[in-house]
file run01.txt (compact mmCIF, C-alpha atoms)
# COMPACT_ATOMS: atom_id res chain seq x y z
CA MET A 1 44.42 8.64 50.18
CA LYS A 2 47.06 9.94 52.56
CA HIS A 3 48.67 13.37 52.59
CA ILE A 4 51.69 14.46 54.64
CA ILE A 5 50.98 17.92 55.98
CA SER A 6 52.37 17.72 59.50
CA PRO A 7 55.21 15.54 60.84
CA THR A 8 52.77 13.79 63.14
CA ASP A 9 50.48 12.72 60.27
CA LEU A 10 52.42 9.44 60.43
CA THR A 11 51.99 7.20 63.45
CA VAL A 12 55.18 5.95 65.12
CA SER A 13 54.74 2.56 63.46
CA GLU A 14 54.15 4.14 60.01
CA LEU A 15 57.20 6.30 60.62
CA ASN A 16 59.34 3.31 61.56
CA GLU A 17 58.12 1.48 58.43
CA LEU A 18 59.04 4.47 56.29
CA LEU A 19 62.51 4.76 57.84
CA ASP A 20 63.04 1.00 57.35
CA LEU A 21 62.14 1.40 53.67
CA ALA A 22 64.56 4.34 53.37
CA GLU A 23 67.32 2.17 54.92
CA ALA A 24 66.50 -0.60 52.44
CA ILE A 25 66.82 1.91 49.58
CA ILE A 26 70.22 3.04 50.93
CA GLN A 27 71.37 -0.59 50.94
CA ASN A 28 70.25 -1.35 47.39
CA PRO A 29 69.18 1.73 45.37
CA LYS A 30 69.17 -0.17 42.05
CA LYS A 31 66.30 -2.35 43.25
CA TYR A 32 64.10 0.77 43.40
CA ALA A 33 65.31 2.47 40.23
CA ASN A 34 62.11 1.89 38.25
CA VAL A 35 59.34 1.50 40.79
CA CYS A 36 57.73 4.84 39.79
CA HIS A 37 58.06 4.39 36.03
CA GLY A 38 55.22 6.29 34.35
CA LYS A 39 54.39 8.33 37.47
CA LYS A 40 54.73 12.11 37.72
CA LEU A 41 55.63 14.31 40.68
CA ALA A 42 54.53 17.98 40.54
CA THR A 43 56.68 20.38 42.55
CA LEU A 44 54.65 23.49 43.33
CA PHE A 45 57.11 25.93 44.87
CA TYR A 46 55.61 29.33 45.62
CA GLU A 47 58.81 30.52 47.33
CA PRO A 48 62.45 29.98 46.44
CA SER A 49 64.11 26.78 47.56
CA THR A 50 67.04 24.98 46.10
CA ARG A 51 67.66 21.89 48.11
CA THR A 52 64.13 20.86 49.05
CA ARG A 53 62.85 21.11 45.48
CA LEU A 54 65.90 19.44 43.97
CA SER A 55 65.81 16.76 46.66
CA PHE A 56 62.20 15.93 45.76
CA GLU A 57 63.02 15.94 42.07
CA ALA A 58 66.11 13.78 42.57
CA ALA A 59 64.04 11.37 44.66
CA MET A 60 61.41 10.94 41.94
CA LEU A 61 64.04 10.63 39.19
CA ASN A 62 65.89 7.99 41.26
CA LEU A 63 62.64 6.00 41.36
CA GLY A 64 62.29 6.14 37.57
CA GLY A 65 59.47 8.70 37.62
CA ASN A 66 59.07 12.09 35.96
CA ILE A 67 58.80 15.62 37.32
CA LEU A 68 57.03 18.85 36.42
CA GLY A 69 56.26 22.06 38.28
CA PHE A 70 57.29 25.64 38.98
CA SER A 71 59.93 27.13 41.26
CA SER A 72 58.48 30.52 42.20
CA ALA A 73 55.07 32.13 42.54
CA ASP A 74 56.03 34.59 39.76
CA SER A 75 56.23 31.77 37.23
CA SER A 76 52.86 30.27 38.21
CA SER A 77 49.24 31.30 37.90
CA ALA A 78 49.47 32.60 41.47
CA ALA A 79 50.90 35.76 39.87
CA LYS A 80 47.55 36.11 38.08
CA GLY A 81 45.71 35.71 41.38
CA GLU A 82 44.81 32.02 41.18
CA SER A 83 43.99 30.45 44.54
CA VAL A 84 45.83 27.42 45.94
CA ALA A 85 42.55 25.50 45.87
CA ASP A 86 42.09 26.11 42.12
CA THR A 87 45.73 25.39 41.28
CA ILE A 88 45.74 22.02 43.02
CA ARG A 89 42.48 20.95 41.34
CA VAL A 90 44.13 21.55 37.98
CA ILE A 91 47.47 19.95 38.93
CA SER A 92 45.60 16.87 40.18
CA SER A 93 44.80 16.05 36.57
CA TYR A 94 48.44 16.46 35.42
CA ALA A 95 50.40 14.54 38.08
CA ASP A 96 50.15 11.54 40.41
CA ILE A 97 51.58 13.21 43.53
CA CYS A 98 52.66 16.72 44.46
CA ALA A 99 55.02 18.53 46.81
CA ILE A 100 54.04 22.07 47.73
CA ARG A 101 56.04 24.85 49.36
CA HIS A 102 54.25 28.10 50.16
CA PRO A 103 55.15 31.16 52.26
CA LYS A 104 51.74 31.15 53.93
CA GLU A 105 51.11 28.82 56.83
CA GLY A 106 48.45 26.20 56.15
CA ALA A 107 48.61 26.44 52.33
CA PRO A 108 49.47 22.71 51.94
CA LEU A 109 46.51 21.79 54.15
CA VAL A 110 44.26 23.85 51.86
CA ALA A 111 45.77 22.03 48.86
CA SER A 112 45.09 18.64 50.48
CA LEU A 113 41.44 19.55 51.05
CA TYR A 114 40.89 20.13 47.32
CA SER A 115 43.32 17.58 45.85
CA SER A 116 42.63 14.21 44.31
CA ILE A 117 46.34 13.22 44.48
CA PRO A 118 48.58 12.85 47.58
CA VAL A 119 49.95 16.20 48.78
CA ILE A 120 53.29 16.53 50.57
CA ASN A 121 54.01 19.69 52.54
CA ALA A 122 57.46 20.86 51.43
CA GLY A 123 57.40 23.77 53.91
CA ASP A 124 54.73 26.34 54.75
CA GLY A 125 56.24 29.57 56.08
CA GLY A 126 57.47 29.17 59.63
CA HIS A 127 54.97 26.43 60.33
CA ASN A 128 55.77 22.85 59.26
CA HIS A 129 58.38 21.10 57.14
CA PRO A 130 57.65 17.40 57.63
CA THR A 131 60.10 16.00 55.05
CA GLN A 132 62.96 17.86 56.73
CA THR A 133 61.88 16.16 59.95
CA LEU A 134 61.88 12.78 58.21
CA THR A 135 65.36 13.60 56.89
CA ASP A 136 66.56 14.48 60.39
CA LEU A 137 65.07 11.30 61.85
CA LEU A 138 66.64 9.09 59.18
CA THR A 139 70.02 10.78 59.72
CA ILE A 140 69.88 10.19 63.47
CA LYS A 141 68.55 6.63 63.14
CA ASN A 142 71.11 5.65 60.51
CA LEU A 143 74.13 7.21 62.20
CA LYS A 144 73.21 6.72 65.87
CA GLY A 145 71.29 3.46 65.43
CA ARG A 146 68.37 4.66 67.57
CA LEU A 147 65.75 7.37 68.04
CA ASN A 148 65.42 6.94 71.82
CA HIS A 149 67.76 7.57 74.76
CA LEU A 150 69.12 10.79 73.28
CA THR A 151 69.94 14.27 74.56
CA VAL A 152 69.25 16.63 71.70
CA GLY A 153 70.34 20.28 71.67
CA PHE A 154 68.70 22.85 69.40
CA CYS A 155 70.70 26.01 68.80
CA GLY A 156 69.86 29.35 67.16
CA ASP A 157 66.45 30.49 66.01
CA LEU A 158 64.06 28.37 68.02
CA MET A 159 61.20 30.86 67.64
CA PHE A 160 60.69 30.78 63.86
CA GLY A 161 62.68 27.61 63.09
CA ARG A 162 59.99 25.28 61.79
CA THR A 163 62.45 22.39 61.46
CA VAL A 164 63.12 22.65 65.18
CA HIS A 165 59.41 22.64 66.11
CA SER A 166 58.72 19.68 63.87
CA LEU A 167 61.67 17.63 65.12
CA ILE A 168 60.75 18.30 68.76
CA GLY A 169 57.21 17.04 68.04
CA ALA A 170 58.51 13.92 66.29
CA LEU A 171 61.18 13.00 68.86
CA ALA A 172 58.79 13.63 71.76
CA ARG A 173 57.06 10.39 70.75
CA TYR A 174 60.15 8.31 71.55
CA ASP A 175 61.34 7.16 75.00
CA HIS A 176 63.98 8.82 77.15
CA ILE A 177 64.50 11.94 75.06
CA LYS A 178 65.88 15.11 76.67
CA PHE A 179 66.09 18.50 75.01
CA VAL A 180 68.44 21.42 75.57
CA MET A 181 67.22 24.66 73.98
CA ILE A 182 70.03 27.11 73.21
CA SER A 183 68.80 30.49 71.98
CA PRO A 184 68.83 34.22 72.68
CA GLU A 185 65.89 35.44 74.77
CA GLU A 186 64.20 36.92 71.68
CA LEU A 187 64.27 33.61 69.78
CA ARG A 188 63.18 31.22 72.52
CA ILE A 189 61.01 28.24 71.73
CA PRO A 190 57.34 29.37 71.43
CA THR A 191 55.10 28.93 74.45
CA TYR A 192 52.75 26.54 72.66
CA ILE A 193 55.62 24.10 71.94
CA ARG A 194 56.61 24.23 75.61
CA GLU A 195 53.09 23.80 76.93
CA GLU A 196 51.49 21.50 74.39
CA ILE A 197 54.38 19.21 73.48
CA LEU A 198 57.04 19.31 76.19
CA ASP A 199 54.96 19.84 79.33
CA GLN A 200 52.02 17.69 78.22
CA ASN A 201 54.30 14.76 77.39
CA HIS A 202 56.51 15.31 80.46
CA ILE A 203 59.61 15.66 78.30
CA PRO A 204 62.58 16.98 80.30
CA TYR A 205 64.18 20.09 78.81
CA GLU A 206 66.30 23.05 79.80
CA GLU A 207 66.81 26.45 78.21
CA VAL A 208 70.31 27.94 78.14
CA ARG A 209 71.92 30.99 76.54
CA ARG A 210 75.51 29.78 76.01
CA LEU A 211 76.32 27.01 73.51
CA GLU A 212 79.52 26.18 75.44
CA ASP A 213 77.46 25.32 78.54
CA ALA A 214 75.25 22.88 76.68
CA ILE A 215 77.52 21.17 74.19
CA PRO A 216 79.30 18.66 76.53
CA LYS A 217 76.05 16.85 77.40
CA LEU A 218 74.63 16.48 73.89
CA ASP A 219 74.29 13.39 71.69
CA ILE A 220 72.92 15.52 68.85
CA LEU A 221 73.51 19.23 68.20
CA TYR A 222 70.95 20.65 65.78
CA MET A 223 72.20 24.03 64.51
CA THR A 224 69.85 26.46 62.76
CA ARG A 225 70.20 29.60 60.71
CA VAL A 226 68.57 32.82 61.87
CA GLN A 227 66.28 33.31 58.88
CA LYS A 228 66.10 36.83 57.48
CA GLU A 229 62.79 36.14 55.73
CA ARG A 230 61.01 35.48 59.05
CA PHE A 231 61.74 38.98 60.44
CA PHE A 232 59.58 42.03 59.82
CA ASN A 233 62.34 44.22 61.31
CA GLU A 234 65.77 44.08 59.63
CA GLU A 235 67.62 45.70 62.57
CA GLU A 236 66.43 42.89 64.83
CA TYR A 237 67.70 40.34 62.31
CA ILE A 238 71.13 41.97 62.07
CA ARG A 239 71.41 42.08 65.86
CA LEU A 240 70.60 38.38 66.29
CA LYS A 241 71.98 36.67 63.18
CA ASP A 242 75.46 35.84 64.51
CA THR A 243 74.59 35.03 68.12
CA TYR A 244 75.95 31.49 67.82
CA ILE A 245 78.88 30.30 65.74
CA LEU A 246 79.98 26.69 66.10
CA ASP A 247 83.74 26.43 65.55
CA ALA A 248 86.52 23.89 66.08
CA LYS A 249 87.20 25.21 69.60
CA LYS A 250 83.63 24.61 70.73
CA MET A 251 83.70 21.17 69.11
CA THR A 252 86.52 20.19 71.50
CA LEU A 253 83.95 20.42 74.31
CA ALA A 254 81.62 17.92 72.64
CA LYS A 255 81.39 14.15 73.07
CA GLU A 256 83.40 12.09 70.58
CA ASP A 257 80.24 10.63 69.06
CA MET A 258 78.07 13.75 69.11
CA LEU A 259 76.52 14.50 65.71
CA VAL A 260 76.10 18.02 64.29
CA LEU A 261 73.01 18.37 62.13
CA HIS A 262 71.83 21.44 60.22
CA PRO A 263 68.85 21.68 57.84
CA LEU A 264 70.97 23.89 55.49
CA PRO A 265 71.57 26.37 54.01
CA ARG A 266 74.28 27.27 56.50
CA VAL A 267 75.45 30.90 56.64
CA ASN A 268 77.74 31.90 59.53
CA GLU A 269 76.49 29.67 62.31
CA ILE A 270 78.92 26.83 61.53
CA ALA A 271 82.50 27.80 60.71
CA PRO A 272 83.82 26.01 57.58
CA GLU A 273 86.63 24.51 59.72
CA VAL A 274 84.01 22.25 61.33
CA ASP A 275 83.11 20.66 57.97
CA ASN A 276 86.02 18.22 58.11
CA ASP A 277 85.15 17.02 61.60
CA PRO A 278 83.64 13.50 61.24
CA ARG A 279 80.89 14.54 63.67
CA ALA A 280 79.64 17.16 61.19
CA VAL A 281 77.02 15.25 59.23
CA TYR A 282 74.96 18.04 57.62
CA PHE A 283 76.03 17.19 54.09
CA LYS A 284 75.30 13.49 54.64
CA GLN A 285 71.96 14.68 56.01
CA ALA A 286 71.14 16.21 52.61
CA GLN A 287 71.79 12.80 51.00
CA PHE A 288 69.52 11.11 53.56
CA GLY A 289 66.87 13.67 52.54
CA VAL A 290 66.74 12.17 49.05
CA TYR A 291 66.41 8.61 50.39
CA VAL A 292 63.64 9.44 52.81
CA ARG A 293 61.71 11.35 50.12
CA MET A 294 62.06 8.32 47.84
CA ALA A 295 60.56 6.16 50.59
CA LEU A 296 57.76 8.68 51.20
CA ILE A 297 56.83 8.93 47.51
CA MET A 298 56.72 5.12 47.31
CA LYS A 299 54.49 4.86 50.39
CA LEU A 300 52.08 7.56 49.23
CA LEU A 301 51.86 6.15 45.71
CA GLU A 302 51.55 2.65 47.20
CA VAL A 303 54.24 1.21 44.93
CA GLU A 304 56.63 -1.56 45.93
CA ALA A 305 59.86 -2.97 44.59
CA CYS A 306 59.41 -6.18 42.59
CA MET B 1 14.03 53.16 80.61
CA LEU B 2 12.76 51.50 77.45
CA ASN B 3 10.22 48.75 78.00
CA ILE B 4 9.81 45.78 75.69
CA GLY B 5 6.84 43.51 76.35
CA GLY B 6 7.38 40.10 78.00
CA LEU B 7 7.42 36.93 75.97
CA ASN B 8 4.83 34.21 76.33
CA HIS B 9 6.64 31.68 74.17
CA GLY B 10 10.13 32.16 72.81
CA ILE B 11 13.84 32.62 73.47
CA VAL B 12 15.74 35.36 75.23
CA ILE B 13 19.44 35.61 74.48
CA ASP B 14 20.70 37.58 77.44
CA HIS B 15 23.97 38.99 78.75
CA ILE B 16 25.33 39.72 75.31
CA LYS B 17 28.34 42.04 75.51
CA ALA B 18 27.09 45.58 74.74
CA GLY B 19 27.33 46.17 71.01
CA GLY B 20 27.44 42.46 70.13
CA ALA B 21 23.75 41.83 69.39
CA MET B 22 23.87 42.61 65.68
CA LYS B 23 26.68 40.10 65.12
CA ILE B 24 24.55 37.39 66.70
CA TYR B 25 21.43 38.58 64.84
CA THR B 26 23.34 38.26 61.57
CA TYR B 27 24.98 34.92 62.44
CA LEU B 28 21.68 33.32 63.42
CA ASN B 29 20.01 34.70 60.27
CA LEU B 30 17.27 36.20 62.40
CA GLU B 31 16.32 38.55 59.58
CA LYS B 32 14.81 35.54 57.82
CA LEU B 33 12.34 34.82 60.62
CA ASP B 34 8.82 36.11 60.18
CA CYS B 35 8.14 36.27 63.93
CA SER B 36 8.81 39.22 66.20
CA VAL B 37 12.44 39.82 67.10
CA ALA B 38 13.54 42.57 69.46
CA ILE B 39 17.09 43.76 69.82
CA ILE B 40 17.78 45.73 72.94
CA LYS B 41 21.10 47.52 72.92
CA ASN B 42 22.92 48.95 75.92
CA ALA B 43 20.38 47.73 78.46
CA ARG B 44 21.34 48.43 82.08
CA SER B 45 22.88 45.45 83.86
CA ASN B 46 23.98 45.13 87.47
CA LYS B 47 26.62 42.53 86.53
CA MET B 48 27.87 43.96 83.24
CA GLY B 49 27.04 47.68 83.44
CA LYS B 50 25.62 47.57 79.91
CA LYS B 51 24.49 44.58 77.89
CA ASP B 52 22.55 43.66 74.76
CA ILE B 53 19.53 41.35 74.71
CA ILE B 54 17.74 39.60 71.83
CA LYS B 55 14.15 38.44 72.29
CA ILE B 56 12.65 36.07 69.77
CA GLU B 57 9.02 35.09 69.70
CA GLY B 58 8.59 31.41 68.81
CA THR B 59 11.22 28.66 68.46
CA LEU B 60 14.51 28.32 66.60
CA ASN B 61 14.17 24.74 65.43
CA GLY B 62 17.37 22.93 64.48
CA LEU B 63 19.66 25.81 65.34
CA ASP B 64 22.86 25.02 67.27
CA LEU B 65 22.87 27.73 69.91
CA ASP B 66 26.12 26.36 71.40
CA VAL B 67 28.01 28.17 68.68
CA LEU B 68 27.14 31.37 70.54
CA GLY B 69 29.63 30.24 73.21
CA ALA B 70 32.50 30.90 70.81
CA LEU B 71 31.06 34.31 69.88
CA ASP B 72 30.49 35.48 73.46
CA HIS B 73 31.01 33.12 76.40
CA LYS B 74 28.98 35.21 78.86
CA ILE B 75 25.72 34.75 76.96
CA THR B 76 22.80 33.03 78.65
CA ILE B 77 19.87 31.55 76.76
CA ASN B 78 16.44 31.50 78.38
CA ILE B 79 13.70 29.34 76.91
CA ILE B 80 10.31 30.86 77.74
CA GLU B 81 7.10 28.84 77.79
CA ASP B 82 3.73 30.03 79.07
CA GLY B 83 5.32 33.28 80.17
CA VAL B 84 7.88 31.66 82.49
CA ILE B 85 11.52 30.62 82.09
CA LYS B 86 11.36 26.88 81.41
CA GLU B 87 15.08 26.42 80.85
CA LYS B 88 18.15 28.57 81.34
CA LYS B 89 21.40 27.52 79.72
CA ASN B 90 24.91 28.71 79.02
CA PRO B 91 26.14 27.65 75.61
CA LYS B 92 29.05 25.17 75.65
CA LEU B 93 32.09 25.82 73.52
CA PRO B 94 31.65 23.88 70.26
CA GLU B 95 34.48 21.57 69.12
CA ARG B 96 34.69 23.25 65.71
CA VAL B 97 33.53 26.63 64.44
CA GLU B 98 33.42 27.92 60.92
CA ASN B 99 33.48 31.62 60.05
CA ILE B 100 32.78 32.60 63.66
CA LEU B 101 36.36 33.35 64.68
CA ILE B 102 38.74 35.05 62.28
CA CYS B 103 42.44 34.16 62.11
CA LYS B 104 44.54 37.28 62.65
CA ASN B 105 47.91 35.69 61.84
CA PRO B 106 49.27 37.67 58.85
CA ARG B 107 51.30 34.59 57.84
CA CYS B 108 48.19 32.37 57.63
CA ILE B 109 46.87 31.24 54.23
CA THR B 110 43.45 32.64 55.23
CA SER B 111 44.98 36.13 54.86
CA ILE B 112 45.24 35.73 51.06
CA GLU B 113 43.17 32.77 49.85
CA ARG B 114 39.75 33.82 48.58
CA ASN B 115 36.57 32.10 49.80
CA LEU B 116 38.46 30.00 52.33
CA PRO B 117 36.35 29.43 55.45
CA HIS B 118 38.02 30.42 58.73
CA VAL B 119 37.88 27.16 60.69
CA PHE B 120 38.96 26.80 64.30
CA LYS B 121 39.10 23.71 66.52
CA LEU B 122 38.81 23.79 70.29
CA SER B 123 42.22 22.91 71.77
CA ASP B 124 41.74 23.77 75.47
CA ARG B 125 38.15 23.79 76.77
CA ASN B 126 39.11 24.95 80.28
CA ASN B 127 40.84 28.09 79.03
CA GLY B 128 38.62 28.58 75.97
CA VAL B 129 41.50 28.28 73.48
CA TYR B 130 40.78 27.61 69.81
CA ARG B 131 43.37 26.98 67.10
CA CYS B 132 43.16 27.84 63.42
CA ILE B 133 43.21 24.53 61.51
CA TYR B 134 45.54 26.00 58.88
CA CYS B 135 48.30 27.78 60.83
CA GLU B 136 47.49 26.54 64.39
CA GLN B 137 47.48 30.13 65.72
CA ALA B 138 45.75 30.19 69.12
CA LEU B 139 42.76 32.41 69.85
CA GLU B 140 41.30 32.75 73.31
CA VAL B 141 37.56 33.37 73.55
CA ARG B 142 37.47 33.87 77.33
call {"tool": "encode", "arguments": {"input": "run01.txt", "output": "structure tokens"}}
result
Amino acid sequence: MKHIISPTDLTVSELNELLDLAEAIIQNPKKYANVCHGKKLATLFYEPSTRTRLSFEAAMLNLGGNILGFSSADSSSAAKGESVADTIRVISSYADICAIRHPKEGAPLVASLYSSIPVINAGDGGHNHPTQTLTDLLTIKNLKGRLNHLTVGFCGDLMFGRTVHSLIGALARYDHIKFVMISPEELRIPTYIREEILDQNHIPYEEVRRLEDAIPKLDILYMTRVQKERFFNEEEYIRLKDTYILDAKKMTLAKEDMLVLHPLPRVNEIAPEVDNDPRAVYFKQAQFGVYVRMALIMKLLEVEAC
Amino acid sequence: MLNIGGLNHGIVIDHIKAGGAMKIYTYLNLEKLDCSVAIIKNARSNKMGKKDIIKIEGTLNGLDLDVLGALDHKITINIIEDGVIKEKKNPKLPERVENILICKNPRCITSIERNLPHVFKLSDRNNGVYRCIYCEQALEVR
């Protein structure tokens, strides 16, 4: 049985297969409308999330399956002190597959060690968020037609932004990828990402402070929110939260076919005036998230369209 | 200076960082042995200033002494036979250690989940870097 805990749990060929299936679903969703009939997805969300949980639930419902679960630790047995290991052993007898989000890093791995059903990491603190990475990859592949020969800029919180770390790790496996890291000094990419992914794989990258300096060379601009919940010190958060704001003026510096991605929710880092720019694809990205989760559920449950 | 008699047949765990002997004594379950075990704390050392030493009479069959490398990389292990050092070795860093290193990342699941073993995998042998298998936090043992 396979679990998806880290974005690199899938080999490049498994990943390509999954993205191909997602593209097939986009082409003909009706063909897949009942492939999970009689199957149940448990969504175990120990911290608040709107889009990830609803995206998983929408994905399972689109496949003809059913859903059950909880949306905060307060409404689960965790409030009574139950361990993740015990919870997953119980849930394994209620559902066929589960998606787990937890504020503590490594909680989904613990769940997978005690589970008898496939476990999908739906985000563990500032650590991993593999289905967001799959969403990002599908968005790029579908709209750019490739996952290689790209210059990708990451902007904002590169220190705690798990989506950034995961996407760097996933794209580093493709050819001719360049990265431009745009962040304040305090939110630079962590040393271990630089040393163990970028340097070890000889991936070219540069670190810059000004978004305007980087934007003209990018094929993809990946904006991130400075996340309040990752800071222990509120003053530090307030000082850094509005460092970068992408607006229509900055977009004039970008290539005509550059894509703007954002894992959402967006706060101030993208001005609403950018939403109507055809290069702003963050809402399409949310739709791709449903398709890629449908493909992932099908792969993990080993179901196929008739 | 305190004198402890020489060993005819046994193991000397030497160059333990001063104050670290009891941790090793506990980890190796030496209290369960029925042979003589001596713990020497704060012994004088030219190299280290002060060090701890554990002397065990007899053999420790089946015990993986390499794990001591993750506890204290300066340790040396001397195997004594017929009153002389037959073998001297430095423990290698094991690939995986369980409940030897403790994850100090407050965001790690090990900080709240009961009865969860702290498991680390070796990620950089040259620099002695281990990573927690749950949160991937690095911990240097050198």
call {"tool": "interface_residues", "arguments": {"input": "run01.txt", "of": "chain B", "to": "chain A", "cutoff": "10 Å", "atoms": "all atoms listed in the file", "output": "PyMOL selection string"}}
result
chain B and resi 105-116+123+132-138
call {"tool": "residues_around", "arguments": {"input": "run01.txt", "residues": "Tyr130 (chain B)", "least_positions_apart": "4", "cutoff": "9 Å", "atoms": "all atoms listed in the file", "output": "list in words"}}
result
Ala70, Glu95, Arg96, Leu101, Phe120, Lys121, Leu122, Ser123, Asp124, Arg125, Glu136, Gln137, Ala138, Leu139, Glu140 and Val141 of chain B
call {"tool": "write_last_selection", "arguments": {"input": "run01.txt", "atoms": "C-alpha atoms", "output": "PDB file, in the frame of the given file"}}
result
ATOM      1  CA  ALA B  70      32.500  30.900  70.810  1.00  0.00           C
ATOM      2  CA  GLU B  95      34.480  21.570  69.120  1.00  0.00           C
ATOM      3  CA  ARG B  96      34.690  23.250  65.710  1.00  0.00           C
ATOM      4  CA  LEU B 101      36.360  33.350  64.680  1.00  0.00           C
ATOM      5  CA  PHE B 120      38.960  26.800  64.300  1.00  0.00           C
ATOM      6  CA  LYS B 121      39.100  23.710  66.520  1.00  0.00           C
ATOM      7  CA  LEU B 122      38.810  23.790  70.290  1.00  0.00           C
ATOM      8  CA  SER B 123      42.220  22.910  71.770  1.00  0.00           C
ATOM      9  CA  ASP B 124      41.740  23.770  75.470  1.00  0.00           C
ATOM     10  CA  ARG B 125      38.150  23.790  76.770  1.00  0.00           C
ATOM     11  CA  GLU B 136      47.490  26.540  64.390  1.00  0.00           C
ATOM     12  CA  GLN B 137      47.480  30.130  65.720  1.00  0.00           C
ATOM     13  CA  ALA B 138      45.750  30.190  69.120  1.00  0.00           C
ATOM     14  CA  LEU B 139      42.760  32.410  69.850  1.00  0.00           C
ATOM     15  CA  GLU B 140      41.300  32.750  73.310  1.00  0.00           C
ATOM     16  CA  VAL B 141      37.560  33.370  73.550  1.00  0.00           C
TER      17      VAL B 141
END
call {"tool": "closest_residue", "arguments": {"input": "run01.txt", "among": "B:Ala18, B:Ile53, B:Leu93, B:Ile85", "to": "Ile40 (chain B)", "atoms": "all atoms listed in the file"}}
result
B:Ile53
call {"tool": "residues_around", "arguments": {"input": "run01.txt", "residues": "region 151-154 of chain A", "least_positions_apart": "4", "cutoff": "9 Å", "atoms": "only C-alpha atoms", "output": "list in words"}}
result
Leu158, Val164, His176, Ile177, Lys178, Phe179, Val180, Met181, Ile182, Ser183, Ala214, Ile215, Lys217, Leu218, Asp219, Ile220, Leu221, Tyr222, Met223 and Thr224 of chain A
call {"tool": "closest_residue", "arguments": {"input": "run01.txt", "among": "A:Leu61, A:Ala248, A:Ile100, A:Val208", "to": "Val35 (chain A)", "atoms": "all atoms listed in the file"}}
result
A:Leu61
call {"tool": "residues_around", "arguments": {"input": "run01.txt", "residues": "Leu264 (chain A)", "least_positions_apart": "4", "cutoff": "9 Å", "atoms": "only C-alpha atoms", "output": "list of chain:residue names"}}
result
A:Arg51, A:Thr224, A:Arg225, A:Tyr282, A:Phe283, A:Ala286
call {"tool": "build_atoms", "arguments": {"input": "run01.txt", "residues": "region 26-40 of chain B", "atoms": "N, CA and C atoms", "output": "mmCIF file, in the frame of the given file"}}
result
data_model
loop_
_atom_site.group_PDB
_atom_site.id
_atom_site.type_symbol
_atom_site.label_atom_id
_atom_site.label_comp_id
_atom_site.auth_asym_id
_atom_site.auth_seq_id
_atom_site.Cartn_x
_atom_site.Cartn_y
_atom_site.Cartn_z
ATOM 1 N N THR B 26 22.923 38.605 62.928
ATOM 2 C CA THR B 26 23.340 38.260 61.570
ATOM 3 C C THR B 26 23.734 36.782 61.485
ATOM 4 N N TYR B 27 24.525 36.299 62.497
ATOM 5 C CA TYR B 27 24.980 34.920 62.440
ATOM 6 C C TYR B 27 23.820 33.943 62.461
ATOM 7 N N LEU B 28 22.816 34.237 63.304
ATOM 8 C CA LEU B 28 21.680 33.320 63.420
ATOM 9 C C LEU B 28 20.646 33.504 62.298
ATOM 10 N N ASN B 29 20.935 34.416 61.390
ATOM 11 C CA ASN B 29 20.010 34.700 60.270
ATOM 12 C C ASN B 29 18.618 35.076 60.769
ATOM 13 N N LEU B 30 18.571 35.868 61.815
ATOM 14 C CA LEU B 30 17.270 36.200 62.400
ATOM 15 C C LEU B 30 16.429 37.075 61.470
ATOM 16 N N GLU B 31 17.085 37.713 60.512
ATOM 17 C CA GLU B 31 16.320 38.550 59.580
ATOM 18 C C GLU B 31 15.388 37.713 58.715
ATOM 19 N N LYS B 32 15.652 36.411 58.659
ATOM 20 C CA LYS B 32 14.810 35.540 57.820
ATOM 21 C C LYS B 32 13.575 35.053 58.559
ATOM 22 N N LEU B 33 13.511 35.278 59.855
ATOM 23 C CA LEU B 33 12.340 34.820 60.620
ATOM 24 C C LEU B 33 11.164 35.758 60.356
ATOM 25 N N ASP B 34 9.957 35.203 60.354
ATOM 26 C CA ASP B 34 8.820 36.110 60.180
ATOM 27 C C ASP B 34 8.094 36.383 61.501
ATOM 28 N N CYS B 35 8.725 35.961 62.612
ATOM 29 C CA CYS B 35 8.140 36.270 63.930
ATOM 30 C C CYS B 35 8.767 37.563 64.476
ATOM 31 N N SER B 36 8.277 37.989 65.623
ATOM 32 C CA SER B 36 8.810 39.220 66.200
ATOM 33 C C SER B 36 10.186 38.975 66.803
ATOM 34 N N VAL B 37 11.101 39.878 66.506
ATOM 35 C CA VAL B 37 12.440 39.820 67.100
ATOM 36 C C VAL B 37 12.761 41.213 67.634
ATOM 37 N N ALA B 38 13.166 41.277 68.889
ATOM 38 C CA ALA B 38 13.540 42.570 69.460
ATOM 39 C C ALA B 38 15.014 42.562 69.806
ATOM 40 N N ILE B 39 15.694 43.610 69.417
ATOM 41 C CA ILE B 39 17.090 43.760 69.820
ATOM 42 C C ILE B 39 17.150 44.934 70.791
ATOM 43 N N ILE B 40 17.655 44.659 71.959
ATOM 44 C CA ILE B 40 17.780 45.730 72.940
ATOM 45 C C ILE B 40 19.267 45.994 73.128
#
